[in-house]
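Asks: My file is structure00.pdb. It has PDB, C-alpha atoms:
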```
ATOM      1  CA  MET A   1     -19.889  -9.822 -26.840
ATOM      2  CA  ASP A   2     -21.313  -7.975 -23.833
ATOM      3  CA  PRO A   3     -18.724  -6.429 -21.529
ATOM      4  CA  VAL A   4     -18.012  -8.279 -18.299
ATOM      5  CA  ARG A   5     -19.244  -6.045 -15.466
ATOM      6  CA  VAL A   6     -16.563  -5.783 -12.765
ATOM      7  CA  ALA A   7     -17.109  -4.137  -9.366
ATOM      8  CA  VAL A   8     -13.955  -3.156  -7.463
ATOM      9  CA  VAL A   9     -14.854  -2.630  -3.797
ATOM     10  CA  GLY A  10     -12.495  -0.176  -2.083
ATOM     11  CA  ALA A  11     -10.873   3.035  -3.331
ATOM     12  CA  GLY A  12      -7.551   3.072  -1.508
ATOM     13  CA  VAL A  13      -4.292   2.402  -3.344
ATOM     14  CA  MET A  14      -5.255  -1.295  -3.822
ATOM     15  CA  GLY A  15      -8.705  -0.680  -5.296
ATOM     16  CA  LEU A  16      -7.646   2.100  -7.668
ATOM     17  CA  SER A  17      -4.430   0.413  -8.862
ATOM     18  CA  THR A  18      -6.303  -2.879  -9.450
ATOM     19  CA  ALA A  19      -9.038  -1.064 -11.403
ATOM     20  CA  LEU A  20      -6.358   0.624 -13.554
ATOM     21  CA  CYS A  21      -4.499  -2.666 -14.145
ATOM     22  CA  ILE A  22      -7.728  -4.411 -15.201
ATOM     23  CA  SER A  23      -8.608  -1.569 -17.593
ATOM     24  CA  LYS A  24      -5.181  -1.908 -19.227
ATOM     25  CA  LEU A  25      -4.810  -5.688 -19.294
ATOM     26  CA  VAL A  26      -8.265  -7.277 -19.530
ATOM     27  CA  PRO A  27     -10.188  -6.104 -22.601
ATOM     28  CA  GLY A  28     -13.975  -6.216 -22.663
ATOM     29  CA  CYS A  29     -14.600  -5.244 -19.030
ATOM     30  CA  SER A  30     -16.685  -2.384 -17.701
ATOM     31  CA  ILE A  31     -15.214  -1.355 -14.354
ATOM     32  CA  THR A  32     -16.941   0.358 -11.428
ATOM     33  CA  VAL A  33     -14.998   1.340  -8.301
ATOM     34  CA  ILE A  34     -17.371   1.336  -5.316
ATOM     35  CA  SER A  35     -16.518   2.699  -1.883
ATOM     36  CA  ASP A  36     -18.003   4.733   0.932
ATOM     37  CA  LYS A  37     -14.640   6.539   1.264
ATOM     38  CA  PHE A  38     -12.495   8.102  -1.455
ATOM     39  CA  THR A  39      -9.339  10.210  -1.302
ATOM     40  CA  PRO A  40      -8.565  12.110   0.936
ATOM     41  CA  GLU A  41     -10.535   9.943   3.412
ATOM     42  CA  THR A  42      -8.709   6.594   2.926
ATOM     43  CA  THR A  43      -5.962   4.872   4.912
ATOM     44  CA  SER A  44      -3.732   5.247   1.818
ATOM     45  CA  ASP A  45      -3.972   9.051   2.134
ATOM     46  CA  VAL A  46      -2.352   8.846   5.580
ATOM     47  CA  ALA A  47       0.394   6.359   4.622
ATOM     48  CA  ALA A  48       3.987   7.584   4.383
ATOM     49  CA  GLY A  49       4.201   5.962   0.935
ATOM     50  CA  ILE A  50       7.910   5.143   0.918
ATOM     51  CA  LEU A  51       9.098   2.016  -0.915
ATOM     52  CA  ILE A  52      10.807  -0.010   1.810
ATOM     53  CA  PRO A  53       9.136  -3.442   2.087
ATOM     54  CA  HIS A  54       8.155  -5.144   5.284
ATOM     55  CA  VAL A  55       8.289  -8.942   5.285
ATOM     56  CA  TYR A  56       5.071 -11.013   5.170
ATOM     57  CA  PRO A  57       5.780 -14.218   7.130
ATOM     58  CA  ASP A  58       3.238 -16.293   5.161
ATOM     59  CA  THR A  59       4.365 -15.220   1.669
ATOM     60  CA  PRO A  60       7.399 -16.721  -0.151
ATOM     61  CA  ILE A  61      10.264 -14.214  -0.392
ATOM     62  CA  HIS A  62      10.600 -14.663  -4.189
ATOM     63  CA  LYS A  63       6.958 -13.606  -4.546
ATOM     64  CA  GLN A  64       7.445 -10.540  -2.311
ATOM     65  CA  LYS A  65      10.510  -9.570  -4.325
ATOM     66  CA  GLN A  66       8.555  -9.876  -7.590
ATOM     67  CA  TRP A  67       5.761  -7.645  -6.240
ATOM     68  CA  PHE A  68       8.267  -5.066  -4.992
ATOM     69  CA  ARG A  69      10.241  -5.031  -8.247
ATOM     70  CA  GLU A  70       7.074  -4.599 -10.332
ATOM     71  CA  THR A  71       5.940  -1.738  -8.080
ATOM     72  CA  PHE A  72       9.369  -0.086  -8.116
ATOM     73  CA  ASP A  73       9.524  -0.295 -11.933
ATOM     74  CA  HIS A  74       5.985   1.113 -12.283
ATOM     75  CA  LEU A  75       6.678   4.087 -10.007
ATOM     76  CA  SER A  76      10.156   4.653 -11.515
ATOM     77  CA  ALA A  77       8.524   5.088 -14.919
ATOM     78  CA  ILE A  78       6.165   7.718 -13.436
ATOM     79  CA  ALA A  79       9.058   9.470 -11.621
ATOM     80  CA  ASN A  80      10.908   9.664 -14.963
ATOM     81  CA  SER A  81       7.928  11.140 -16.816
ATOM     82  CA  ALA A  82       6.070  14.440 -17.093
ATOM     83  CA  GLU A  83       3.437  12.876 -14.781
ATOM     84  CA  ALA A  84       5.825  12.881 -11.787
ATOM     85  CA  GLY A  85       4.646  16.224 -10.409
ATOM     86  CA  GLU A  86       0.923  15.463 -10.657
ATOM     87  CA  ALA A  87       1.319  11.951  -9.198
ATOM     88  CA  ALA A  88       3.855  13.210  -6.588
ATOM     89  CA  VAL A  89       6.247  10.307  -7.146
ATOM     90  CA  HIS A  90       9.944  11.037  -6.626
ATOM     91  CA  LEU A  91      13.293   9.486  -5.769
ATOM     92  CA  VAL A  92      14.625   9.974  -2.255
ATOM     93  CA  SER A  93      17.995   8.945  -0.815
ATOM     94  CA  GLY A  94      18.833   8.249   2.796
ATOM     95  CA  TRP A  95      19.785   5.853   5.529
ATOM     96  CA  GLN A  96      18.338   2.956   7.489
ATOM     97  CA  VAL A  97      20.217   2.686  10.801
ATOM     98  CA  PHE A  98      20.374  -0.063  13.429
ATOM     99  CA  GLN A  99      21.227  -0.093  17.138
ATOM    100  CA  SER A 100      22.616  -3.632  16.778
ATOM    101  CA  ILE A 101      23.879  -5.564  13.743
ATOM    102  CA  PRO A 102      20.804  -6.998  11.952
ATOM    103  CA  THR A 103      20.656 -10.753  11.278
ATOM    104  CA  GLU A 104      20.153  -9.878   7.611
ATOM    105  CA  GLU A 105      22.685  -7.240   6.586
ATOM    106  CA  VAL A 106      21.499  -7.375   2.958
ATOM    107  CA  PRO A 107      17.676  -7.580   2.719
ATOM    108  CA  PHE A 108      15.871  -9.343  -0.167
ATOM    109  CA  TRP A 109      15.048  -6.007  -1.819
ATOM    110  CA  ALA A 110      18.622  -4.643  -1.823
ATOM    111  CA  ASP A 111      19.130  -5.126  -5.585
ATOM    112  CA  VAL A 112      15.765  -3.525  -6.457
ATOM    113  CA  VAL A 113      16.370  -0.126  -4.804
ATOM    114  CA  LEU A 114      19.207   1.969  -6.230
ATOM    115  CA  GLY A 115      22.792   2.107  -4.984
ATOM    116  CA  PHE A 116      22.300  -0.093  -1.906
ATOM    117  CA  ARG A 117      25.456  -0.253   0.248
ATOM    118  CA  LYS A 118      26.637  -0.527   3.829
ATOM    119  CA  MET A 119      27.115   2.860   5.513
ATOM    120  CA  THR A 120      30.659   4.069   6.189
ATOM    121  CA  LYS A 121      31.982   4.867   9.670
ATOM    122  CA  ALA A 122      32.016   8.557   8.728
ATOM    123  CA  GLU A 123      28.296   8.425   7.841
ATOM    124  CA  LEU A 124      27.449   6.575  11.062
ATOM    125  CA  LYS A 125      28.986   9.418  13.109
ATOM    126  CA  LYS A 126      25.743  11.312  12.467
ATOM    127  CA  PHE A 127      23.917   8.561  14.435
ATOM    128  CA  PRO A 128      25.853   7.984  17.695
ATOM    129  CA  GLN A 129      23.211   5.555  19.081
ATOM    130  CA  HIS A 130      23.507   3.273  16.019
ATOM    131  CA  VAL A 131      26.226   0.781  15.072
ATOM    132  CA  PHE A 132      25.232  -0.294  11.562
ATOM    133  CA  GLY A 133      23.443   1.232   8.610
ATOM    134  CA  GLN A 134      22.390   0.896   4.991
ATOM    135  CA  ALA A 135      22.405   3.704   2.441
ATOM    136  CA  PHE A 136      20.217   3.575  -0.676
ATOM    137  CA  THR A 137      17.879   5.492  -2.961
ATOM    138  CA  THR A 138      14.232   4.519  -3.193
ATOM    139  CA  LEU A 139      10.924   6.073  -4.272
ATOM    140  CA  LYS A 140       8.318   7.996  -2.321
ATOM    141  CA  CYS A 141       4.735   8.315  -3.367
ATOM    142  CA  GLU A 142       2.379  10.910  -1.826
ATOM    143  CA  GLY A 143      -0.979   9.170  -1.371
ATOM    144  CA  SER A 144      -2.891  12.465  -1.331
ATOM    145  CA  ALA A 145      -1.743  13.159  -4.925
ATOM    146  CA  TYR A 146      -1.160   9.618  -6.238
ATOM    147  CA  LEU A 147      -4.712   8.433  -5.423
ATOM    148  CA  PRO A 148      -6.392  11.274  -7.391
ATOM    149  CA  TRP A 149      -3.905  10.544 -10.217
ATOM    150  CA  LEU A 150      -4.943   6.862 -10.248
ATOM    151  CA  GLU A 151      -8.634   7.788 -10.059
ATOM    152  CA  LYS A 152      -8.258  10.166 -13.017
ATOM    153  CA  ARG A 153      -6.553   7.415 -15.089
ATOM    154  CA  VAL A 154      -9.331   4.926 -14.241
ATOM    155  CA  LYS A 155     -11.970   7.433 -15.421
ATOM    156  CA  GLU A 156     -10.003   8.239 -18.594
ATOM    157  CA  ARG A 157     -10.084   4.541 -19.437
ATOM    158  CA  GLY A 158     -13.874   4.402 -19.090
ATOM    159  CA  GLY A 159     -14.142   3.353 -15.442
ATOM    160  CA  THR A 160     -16.960   4.587 -13.211
ATOM    161  CA  ILE A 161     -16.642   5.813  -9.630
ATOM    162  CA  LEU A 162     -19.559   5.154  -7.265
ATOM    163  CA  THR A 163     -19.858   6.345  -3.648
ATOM    164  CA  ARG A 164     -21.787   3.685  -1.777
ATOM    165  CA  ARG A 165     -21.368   1.645   1.381
ATOM    166  CA  ILE A 166     -21.450  -2.102   0.750
ATOM    167  CA  GLU A 167     -22.580  -4.244   3.696
ATOM    168  CA  ASP A 168     -22.601  -7.603   1.842
ATOM    169  CA  LEU A 169     -20.934  -8.586  -1.456
ATOM    170  CA  TRP A 170     -24.227 -10.196  -2.548
ATOM    171  CA  GLU A 171     -25.670  -6.669  -2.890
ATOM    172  CA  LEU A 172     -23.601  -6.467  -6.099
ATOM    173  CA  HIS A 173     -25.378  -9.457  -7.674
ATOM    174  CA  PRO A 174     -26.829  -9.484 -10.368
ATOM    175  CA  SER A 175     -25.693  -5.949 -11.363
ATOM    176  CA  PHE A 176     -22.095  -7.189 -11.622
ATOM    177  CA  ASP A 177     -20.561 -10.394 -12.997
ATOM    178  CA  ILE A 178     -17.332 -10.366 -10.923
ATOM    179  CA  VAL A 179     -16.352  -8.580  -7.699
ATOM    180  CA  VAL A 180     -12.789  -7.605  -6.745
ATOM    181  CA  ASN A 181     -12.608  -7.146  -2.977
ATOM    182  CA  CYS A 182     -10.018  -4.479  -2.099
ATOM    183  CA  SER A 183     -11.794  -3.383   1.068
ATOM    184  CA  GLY A 184      -8.850  -3.784   3.476
ATOM    185  CA  LEU A 185     -10.169  -3.918   7.045
ATOM    186  CA  GLY A 186     -13.686  -3.994   5.581
ATOM    187  CA  SER A 187     -12.967  -7.634   4.723
ATOM    188  CA  ARG A 188     -13.660  -8.575   8.340
ATOM    189  CA  GLN A 189     -17.313  -7.950   7.508
ATOM    190  CA  LEU A 190     -17.437  -8.419   3.717
ATOM    191  CA  ALA A 191     -15.375 -11.625   3.569
ATOM    192  CA  GLY A 192     -15.817 -12.826   7.166
ATOM    193  CA  ASP A 193     -12.014 -12.759   7.510
ATOM    194  CA  LEU A 194     -11.117 -12.589  11.185
ATOM    195  CA  GLU A 195      -7.390 -12.943  10.409
ATOM    196  CA  ILE A 196      -7.264  -9.273   9.417
ATOM    197  CA  PHE A 197      -6.969  -6.680  12.183
ATOM    198  CA  PRO A 198      -5.997  -3.003  12.501
ATOM    199  CA  VAL A 199      -2.544  -1.802  13.509
ATOM    200  CA  ARG A 200      -3.008   1.840  14.387
ATOM    201  CA  GLY A 201      -0.395   4.199  13.008
ATOM    202  CA  GLN A 202      -0.042   7.810  14.117
ATOM    203  CA  LEU A 203       2.300  10.165  12.317
ATOM    204  CA  LEU A 204       3.119  13.831  11.996
ATOM    205  CA  LYS A 205       3.397  15.976   8.869
ATOM    206  CA  VAL A 206       5.726  18.914   9.493
ATOM    207  CA  GLN A 207       7.432  21.743   7.650
ATOM    208  CA  ALA A 208      11.217  21.225   7.648
ATOM    209  CA  PRO A 209      12.294  21.989   4.052
ATOM    210  CA  TRP A 210      16.004  21.598   4.857
ATOM    211  CA  VAL A 211      15.531  17.860   5.505
ATOM    212  CA  LYS A 212      16.338  16.169   2.182
ATOM    213  CA  HIS A 213      17.349  12.612   3.198
ATOM    214  CA  PHE A 214      15.116   9.946   4.687
ATOM    215  CA  ILE A 215      16.201   8.397   7.994
ATOM    216  CA  ARG A 216      14.628   5.191   9.239
ATOM    217  CA  ASP A 217      15.403   3.226  12.387
ATOM    218  CA  GLY A 218      15.847  -0.462  11.519
ATOM    219  CA  SER A 219      12.923  -1.360  13.795
ATOM    220  CA  GLY A 220      10.693   0.567  11.380
ATOM    221  CA  LEU A 221       9.095   2.374  14.303
ATOM    222  CA  THR A 222      10.894   5.721  13.988
ATOM    223  CA  TYR A 223      11.244   7.382  10.595
ATOM    224  CA  ILE A 224      11.708  10.703   8.821
ATOM    225  CA  TYR A 225      10.548  10.820   5.203
ATOM    226  CA  PRO A 226      10.860  14.091   3.271
ATOM    227  CA  GLY A 227       8.151  14.553   0.649
ATOM    228  CA  VAL A 228       7.022  17.106  -1.910
ATOM    229  CA  SER A 229       5.148  19.456   0.435
ATOM    230  CA  ASN A 230       6.118  18.311   3.957
ATOM    231  CA  VAL A 231       8.182  15.845   5.996
ATOM    232  CA  THR A 232       6.485  12.764   7.479
ATOM    233  CA  LEU A 233       7.573  11.776  10.998
ATOM    234  CA  GLY A 234       6.572   8.496  12.568
ATOM    235  CA  GLY A 235       5.394   6.416  13.979
ATOM    236  CA  SER A 236       3.364   4.080  16.133
ATOM    237  CA  ARG A 237       2.095   0.489  15.956
ATOM    238  CA  GLN A 238      -0.878  -0.368  18.159
ATOM    239  CA  LYS A 239      -2.374  -3.770  17.364
ATOM    240  CA  GLY A 240      -6.138  -4.080  17.531
ATOM    241  CA  ASP A 241      -6.627  -0.346  18.185
ATOM    242  CA  TRP A 242      -9.449   1.200  16.104
ATOM    243  CA  ASN A 243      -9.112   4.745  17.507
ATOM    244  CA  LEU A 244      -8.713   7.358  14.726
ATOM    245  CA  SER A 245      -8.254  10.322  17.096
ATOM    246  CA  PRO A 246      -4.661  11.583  17.500
ATOM    247  CA  ASP A 247      -3.070  11.028  20.908
ATOM    248  CA  ALA A 248      -1.028  14.058  22.071
ATOM    249  CA  GLU A 249       1.338  11.884  24.130
ATOM    250  CA  ILE A 250       2.165   9.685  21.124
ATOM    251  CA  SER A 251       2.800  12.813  19.037
ATOM    252  CA  ARG A 252       5.256  14.118  21.639
ATOM    253  CA  ASP A 253       6.999  10.729  21.694
ATOM    254  CA  ILE A 254       7.258  10.634  17.871
ATOM    255  CA  LEU A 255       8.725  14.148  17.744
ATOM    256  CA  SER A 256      11.196  13.321  20.518
ATOM    257  CA  ARG A 257      12.368  10.101  18.789
ATOM    258  CA  CYS A 258      12.703  11.830  15.410
ATOM    259  CA  CYS A 259      14.632  14.751  16.922
ATOM    260  CA  ALA A 260      17.048  12.220  18.447
ATOM    261  CA  LEU A 261      17.747  10.935  14.913
ATOM    262  CA  GLU A 262      17.727  14.380  13.254
ATOM    263  CA  PRO A 263      18.251  17.179  15.828
ATOM    264  CA  SER A 264      17.491  19.898  13.259
ATOM    265  CA  LEU A 265      13.814  18.856  13.500
ATOM    266  CA  HIS A 266      13.630  20.876  16.747
ATOM    267  CA  GLY A 267      13.101  23.771  14.319
ATOM    268  CA  ALA A 268      10.198  22.142  12.423
ATOM    269  CA  TRP A 269       6.883  24.019  12.306
ATOM    270  CA  ASP A 270       3.240  23.593  11.223
ATOM    271  CA  ILE A 271       2.951  20.175  12.890
ATOM    272  CA  LYS A 272      -0.148  18.231  11.828
ATOM    273  CA  GLU A 273      -1.200  14.880  13.359
ATOM    274  CA  THR A 274      -2.738  12.073  11.297
ATOM    275  CA  VAL A 275      -3.896   8.546  12.136
ATOM    276  CA  GLY A 276      -4.464   5.520   9.901
ATOM    277  CA  LEU A 277      -5.420   1.900  10.553
ATOM    278  CA  ARG A 278      -3.160  -0.520   8.683
ATOM    279  CA  PRO A 279      -4.973  -3.658   7.448
ATOM    280  CA  TYR A 280      -2.729  -6.391   8.898
ATOM    281  CA  ARG A 281      -2.728 -10.136   8.346
ATOM    282  CA  ALA A 282       0.093 -12.721   8.178
ATOM    283  CA  GLY A 283       0.059 -12.645   4.371
ATOM    284  CA  VAL A 284      -1.627 -10.637   1.632
ATOM    285  CA  ARG A 285      -4.829 -12.385   0.530
ATOM    286  CA  LEU A 286      -4.779 -12.849  -3.253
ATOM    287  CA  GLN A 287      -7.347 -15.504  -3.996
ATOM    288  CA  LYS A 288     -10.377 -16.399  -6.088
ATOM    289  CA  GLU A 289     -13.574 -17.464  -4.368
ATOM    290  CA  LEU A 290     -16.860 -18.548  -5.922
ATOM    291  CA  LEU A 291     -19.717 -17.448  -3.685
ATOM    292  CA  ALA A 292     -22.894 -19.521  -4.075
ATOM    293  CA  ARG A 293     -26.342 -18.864  -2.636
ATOM    294  CA  ASP A 294     -29.754 -20.253  -3.712
ATOM    295  CA  GLY A 295     -28.390 -21.450  -7.036
ATOM    296  CA  ARG A 296     -26.768 -18.076  -7.775
ATOM    297  CA  ARG A 297     -23.016 -17.682  -8.231
ATOM    298  CA  LEU A 298     -20.750 -14.689  -7.720
ATOM    299  CA  PRO A 299     -17.027 -14.948  -8.536
ATOM    300  CA  VAL A 300     -14.862 -12.838  -6.198
ATOM    301  CA  VAL A 301     -11.156 -11.958  -6.367
ATOM    302  CA  HIS A 302      -9.784 -11.005  -2.930
ATOM    303  CA  HIS A 303      -6.910  -8.490  -2.822
ATOM    304  CA  TYR A 304      -6.227  -7.111   0.666
ATOM    305  CA  GLY A 305      -4.200  -7.382   3.867
ATOM    306  CA  HIS A 306      -1.016  -5.439   2.997
ATOM    307  CA  GLY A 307      -0.430  -3.994   6.487
ATOM    308  CA  SER A 308       2.209  -1.265   6.352
ATOM    309  CA  GLY A 309       3.614  -2.595   3.058
ATOM    310  CA  GLY A 310       0.809  -1.390   0.789
ATOM    311  CA  PHE A 311       2.614   1.229  -1.272
ATOM    312  CA  SER A 312       5.746  -0.942  -1.541
ATOM    313  CA  MET A 313       3.822  -3.820  -3.111
ATOM    314  CA  HIS A 314       0.647  -2.310  -4.597
ATOM    315  CA  TRP A 315       1.346  -2.528  -8.334
ATOM    316  CA  GLY A 316       2.819  -6.036  -8.140
ATOM    317  CA  THR A 317      -0.140  -7.390  -6.190
ATOM    318  CA  ALA A 318      -2.604  -5.488  -8.429
ATOM    319  CA  LEU A 319      -1.043  -7.254 -11.441
ATOM    320  CA  GLU A 320      -1.538 -10.585  -9.673
ATOM    321  CA  ALA A 321      -5.168  -9.749  -8.787
ATOM    322  CA  THR A 322      -5.688  -8.829 -12.453
ATOM    323  CA  ARG A 323      -4.357 -12.244 -13.542
ATOM    324  CA  LEU A 324      -6.873 -13.900 -11.199
ATOM    325  CA  LEU A 325      -9.662 -11.721 -12.584
ATOM    326  CA  LYS A 326      -8.676 -12.702 -16.136
ATOM    327  CA  GLU A 327      -9.167 -16.372 -15.168
ATOM    328  CA  CYS A 328     -12.654 -15.511 -13.851
ATOM    329  CA  VAL A 329     -13.488 -13.687 -17.104
ATOM    330  CA  GLN A 330     -12.317 -16.662 -19.189
ATOM    331  CA  ALA A 331     -14.456 -19.004 -17.068
ATOM    332  CA  LEU A 332     -17.516 -16.778 -17.599
ATOM    333  CA  ARG A 333     -16.956 -16.628 -21.343
ATOM    334  CA  ALA A 334     -16.292 -20.342 -21.745
ATOM    335  CA  PRO A 335     -19.173 -22.041 -23.565
ATOM    336  CA  ALA A 336     -21.382 -24.095 -21.230
ATOM    337  CA  PRO A 337     -20.772 -27.843 -21.646
ATOM    338  CA  LYS A 338     -23.408 -29.409 -23.883
ATOM    339  CA  SER A 339     -25.597 -31.993 -22.198
ATOM    340  CA  LYS A 340     -25.278 -35.453 -23.699
ATOM    341  CA  MET A 341     -28.514 -36.804 -25.175
TER     342      MET A 341
END
```
So that I can check it, write out the structure of this file as structure tokens.
Replies:
Amino acid sequence: MDPVRVAVVGAGVMGLSTALCISKLVPGCSITVISDKFTPETTSDVAAGILIPHVYPDTPIHKQKQWFRETFDHLSAIANSAEAGEAAVHLVSGWQVFQSIPTEEVPFWADVVLGFRKMTKAELKKFPQHVFGQAFTTLKCEGSAYLPWLEKRVKERGGTILTRRIEDLWELHPSFDIVVNCSGLGSRQLAGDLEIFPVRGQLLKVQAPWVKHFIRDGSGLTYIYPGVSNVTLGGSRQKGDWNLSPDAEISRDILSRCCALEPSLHGAWDIKETVGLRPYRAGVRLQKELLARDGRRLPVVHHYGHGSGGFSMHWGTALEATRLLKECVQALRAPAPKSKM
């Protein structure tokens, strides 16, 4: 039986993790990852990569919890293996603090992360502007190392990497049998999806090796995430803003807010600014679509629109995209119905 030729469009964390999932779970596929941008040029390379979900209003909570648990388990296995250093996946403990009591004191993901509990009064003394907090241990994943790790695994399993800009999914027909669209914001053009829009995020990478605990304001706007080689400080959320150039005023504001949470950051050095455009929509798009034109057919699996929750959900949603792809493969391999004489 000839292999089913699968094109995965997009080489951020969604494209590469989906390609790896397909190579592991759907036998008889030849996989090509196609993108005009690869690491370190993707949005995923900029992302803080910490596993703290944000809520998608259009997606059932039980589904979001499943995706998060599958991702947490996948990255936990890497963190507990000899691959941890190369993939830059590690556990990190810390605090999420609130200036008023949140409506949901125990979020849906509380029993997925490790050791989730309410902060004590003694712990809250460190944060005089905050009245409530949660302490837990989660995982952090450095995109700049994890993406090359994923890419290497895809190649080891026989996948091909192709640098090419796709303007229309029909360009991939008839060279490919099925397309998996992981193009993020590119889906505005490739899938005609006007529900997806950028939310600009600016952050700083600094040297502050004494900072060992993450600190996150409950609003999600101010955060301090220690990583393997630097500390990530954030952030900003500017809807509909496509500008990839750092804004010095925003950087000053980020540093000021982070120093208010962790005054020792006044001593940080080697401050680097980065900007990424989060691909936002009300819910992740995980869906099959059969494109038809002039009697030709092209099955597509859409997998995009994770906003700022990409790393937190990526493996769970890649598994779901792989299940959808498997259905497309089965449909292709099903014998054509015999015409009745």
Asks: I need the residue nearest Glu156 (chain A) from this list: A:Leu20, A:Phe136, A:Ile52, A:Leu204. Use only C-alpha atoms for the distance.
Replies: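 The answer is A:Leu20, which sits nearest to Glu156 (chain A).
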Asks: Quick one: everything within 12 Å of Leu150 (chain A), counting only C-alpha atoms, minus sequence neighbours fewer than 5 positions away in the same chain. Send it as a PyMOL selection string.
Replies: chain A and resi 11-21+23+33+38-39+75+78+83+86-88+141-145+155-157+159+161+315
Asks: Taking all atoms listed in the file into account, produce a table as a Markdown table in which each residue of region 222-322 of chain A with an atom at most 9 Å from an atom of region 188-198 of chain A appears once, together with its shortest atom pair and the distance in Å to one decimal, ordered by chain and rising number.
Replies:
```
| residue | atom | partner | partner_atom | distance |
| --- | --- | --- | --- | --- |
| A:Gln238 | CA | A:Pro198 | CA | 8.1 |
| A:Lys239 | CA | A:Pro198 | CA | 6.1 |
| A:Gly240 | CA | A:Pro198 | CA | 5.1 |
| A:Asp241 | CA | A:Pro198 | CA | 6.3 |
| A:Trp242 | CA | A:Pro198 | CA | 6.5 |
| A:Leu277 | CA | A:Pro198 | CA | 5.3 |
| A:Arg278 | CA | A:Pro198 | CA | 5.4 |
| A:Pro279 | CA | A:Pro198 | CA | 5.2 |
| A:Tyr280 | CA | A:Phe197 | CA | 5.4 |
| A:Arg281 | CA | A:Ile196 | CA | 4.7 |
| A:Ala282 | CA | A:Glu195 | CA | 7.8 |
| A:His302 | CA | A:Ala191 | CA | 8.6 |
| A:Gly305 | CA | A:Ile196 | CA | 6.6 |
| A:Gly307 | CA | A:Pro198 | CA | 8.3 |
```
Asks: Could you list, as a list in words, every residue within 10 Å of Gly28 (chain A), counting all atoms listed in the file and ignoring same-chain residues fewer than 4 positions away?
Replies: Met1, Asp2, Pro3, Val4, Arg5, Ile22, Ser23 and Val329 of chain A
Asks: Could you please determine the separation between CA of Gly316 (chain A) and CA of Leu114 (chain A) in Å, to one decimal place?
Replies: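 CA of Gly316 (chain A) sits 18.3 Å away from CA of Leu114 (chain A).
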Asks: Contacts between region 210-215 of chain A and region 265-319 of chain A, please, where a residue of region 265-319 of chain A counts if it comes within 12 Å (with only C-alpha atoms); show its shortest atom pair and distance in Å to one decimal, rows by chain and ascending number, as CSV.
Replies:
```
residue,atom,partner,partner_atom,distance
A:Leu265,CA,A:Val211,CA,8.2
A:His266,CA,A:Val211,CA,11.8
A:Gly267,CA,A:Trp210,CA,10.1
A:Ala268,CA,A:Trp210,CA,9.6
```
Asks: Mind telling me what the PyMOL selection byres ((chain A and resi 105) around 12) catches here, as number ranges by chain?
Replies: A: 96-98, 100-104, 106-110, 116-119, 132-135, 218
Asks: Would you save the residues from that selection as a compact mmCIF listing (two decimals), keeping the file's coordinate frame, using C-alpha atoms?
Replies:
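Result saved to out_23.txt:
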```txt
# COMPACT_ATOMS: atom_id res chain seq x y z
CA GLN A 96 18.34 2.96 7.49
CA VAL A 97 20.22 2.69 10.80
CA PHE A 98 20.37 -0.06 13.43
CA SER A 100 22.62 -3.63 16.78
CA ILE A 101 23.88 -5.56 13.74
CA PRO A 102 20.80 -7.00 11.95
CA THR A 103 20.66 -10.75 11.28
CA GLU A 104 20.15 -9.88 7.61
CA VAL A 106 21.50 -7.38 2.96
CA PRO A 107 17.68 -7.58 2.72
CA PHE A 108 15.87 -9.34 -0.17
CA TRP A 109 15.05 -6.01 -1.82
CA ALA A 110 18.62 -4.64 -1.82
CA PHE A 116 22.30 -0.09 -1.91
CA ARG A 117 25.46 -0.25 0.25
CA LYS A 118 26.64 -0.53 3.83
CA MET A 119 27.12 2.86 5.51
CA PHE A 132 25.23 -0.29 11.56
CA GLY A 133 23.44 1.23 8.61
CA GLN A 134 22.39 0.90 4.99
CA ALA A 135 22.40 3.70 2.44
CA GLY A 218 15.85 -0.46 11.52
```
Asks: Counting all atoms listed in the file, which of A:Ser229, A:Asn181, A:Ser264, A:Ser251 gets nearest to His303 (chain A)?
Replies: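 Closest residue, counting all atoms listed in the file: A:Asn181.
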Asks: Using all atoms listed in the file, list the residues that have an atom at most 6 Å from (-2.8, -15.3, -6.9), coordinates as in the file, as number ranges by chain.
Replies: A: 286-287, 320
Asks: For CA of Leu51 (chain A) and CA of Trp67 (chain A), determine how far apart the two atoms are, in Å to one decimal place.
Replies: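 Going from CA of Leu51 (chain A) over to CA of Trp67 (chain A), I get 11.5 Å.
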